[in-house]
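Report on one structure; see the data block that follows.
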Amino acid sequence: MQLTSIKKISYIQLAVLFAASRLFSEAMNFPLTTVQYGMQRFTVILTAYAILFVQYIPLICLSVKYPGQSAVGIIIEKNKGLGWIYTVILSVSVLIASISSMCRMKFYASSTIFGQAPEYLLIILPLIACAFAVWKGIQATARSGVIFAAVFVGFLILVSISTWDMFNTKWLYPNLIDRKDAFWGEVAEQVGSNSEIIYFSVLAEHIAEKTQRTVFWYVPAVMLILELMYLLEILLLGPFVESANFPFFTVSALSNIVLFQRLDGIDVAVWTLMCIVKITLAMLCIRTAYDRLIGKKAGLIAALSGLVITGAVSMAFGGSSNFVIAVTAILTCGIPMLTCSVVFPLIALIMGKKGKTGPKTGLKTGIKTGSNKNNKGAEANV
């Protein structure tokens, strides 16, 4: 039984999904880290995304050289043993990202307007939505993600319009690096938080054409949105932005327009939707990799198992801020990102260059080699 359409998504759709995923991580970044927020935050974001773009270069080269292929797919086709190693490391990395996201979402929701809600519901309900999205596949997820992103853009505009009379430009002063000792630490954490580069190393094979353009849209767009979000926060909160648990939630709570007395309820809804996108992308990575290795049914089971693990760990340890900080630190150290999205893609480039191309490998022919068993397994599922 075919569960999903074999059609692929566009690079614009994947860029939108990645943007939604990354913006969620940024909004949920407080107060679980010790980053100092001042005017230098503008420079931190700019520097971090310039470095991030450089780290995408191996994946960009892979997308240009082997259209319709992913780093995971190429390595599995060339060496299944190495493919297993890559898949296991990848699975652990995206599971950590999912657990971190779910725990932070739970912390955020229970700390804001859902303080009286049963904690297990704050975990189970979003994960049910994630399970349905994983079952339907990346095409359905892409359509939903575009809608979620449109809701976010509308929300951001609404917040800006409803609070513009409270802007205080005196908080904008010219010194863009306030603490040189902390600057590079903030840059490293900002770069290390981008688990979306790991997702791209797997999900690239689900792009119809011009896969590399995902990066050309995603990186500048997220950088610009983060700069605008922080500008809004600093204009409204000034030095208090450092002490606010969730600055953007605080900003939304200051709104007062005819339609809504406050926008903080919408804020929670928006980030819940973004959380669903982020976790779904992680599970789709697992599904795609195991589809390649051991078949489509195993891929779906592996992805759903990942959601069960995410839910169980989040319910057991999500109430501990120390646990959440430790899990998040594993991601922000940058090792999972560099391993899955720089080291292995470079290996894939080397293996693809040394190996033969043709119908058996599918590297040069890309998605046209539909008779290839591995390609069929990947395309027919997600």
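By order in the structure tokens, chains are A, B, ...; within a chain, residues start at 1; ligands start at 1, following the order shown.
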
Could you give me, as a count of residues only, each residue of stretch 164-239 of chain A that DSSP assigns to helix (DSSP H, G or I) when run on this structure's backbone?
57

Residues within 8 Å of stretch 106-111 of chain A, only C-alpha atoms, excluding chain neighbours under 5 positions, as a compact mmCIF listing (two decimals) with N, CA and C atoms, in the first residue's frame:
# COMPACT_ATOMS: atom_id res chain seq x y z
N MET A 28 12.83 29.47 21.46
CA MET A 28 12.83 28.64 22.67
C MET A 28 14.19 28.60 23.34
N GLN A 116 -1.30 25.46 34.20
CA GLN A 116 -2.19 24.52 34.89
C GLN A 116 -2.51 23.29 34.06
N ALA A 117 -2.04 23.24 32.83
CA ALA A 117 -2.34 22.10 31.96
C ALA A 117 -1.51 20.89 32.36
N GLU A 119 1.07 18.15 32.20
CA GLU A 119 2.31 18.19 31.42
C GLU A 119 2.34 17.15 30.32
N LEU A 122 0.94 18.38 27.06
CA LEU A 122 1.81 19.30 26.32
C LEU A 122 2.83 18.55 25.47
N ILE A 123 3.03 17.27 25.76
CA ILE A 123 3.95 16.45 24.99
C ILE A 123 3.21 15.55 24.02
N PHE A 246 11.49 34.58 28.00
CA PHE A 246 11.21 34.42 26.58
C PHE A 246 10.87 35.80 26.03
N VAL A 268 2.12 31.41 21.63
CA VAL A 268 2.26 30.01 22.04
C VAL A 268 1.80 29.08 20.92
N GLY A 318 11.88 15.91 31.13
CA GLY A 318 11.63 17.25 30.63
C GLY A 318 11.41 18.29 31.69
N GLY A 319 11.05 17.87 32.89
CA GLY A 319 10.82 18.83 33.97
C GLY A 319 12.10 19.34 34.60

Which residue out of A:Gln190, A:Thr47, A:Thr163, A:Ser91 has the minimum interatomic distance to A:Val202 when only C-alpha atoms are used?
A:Ser91
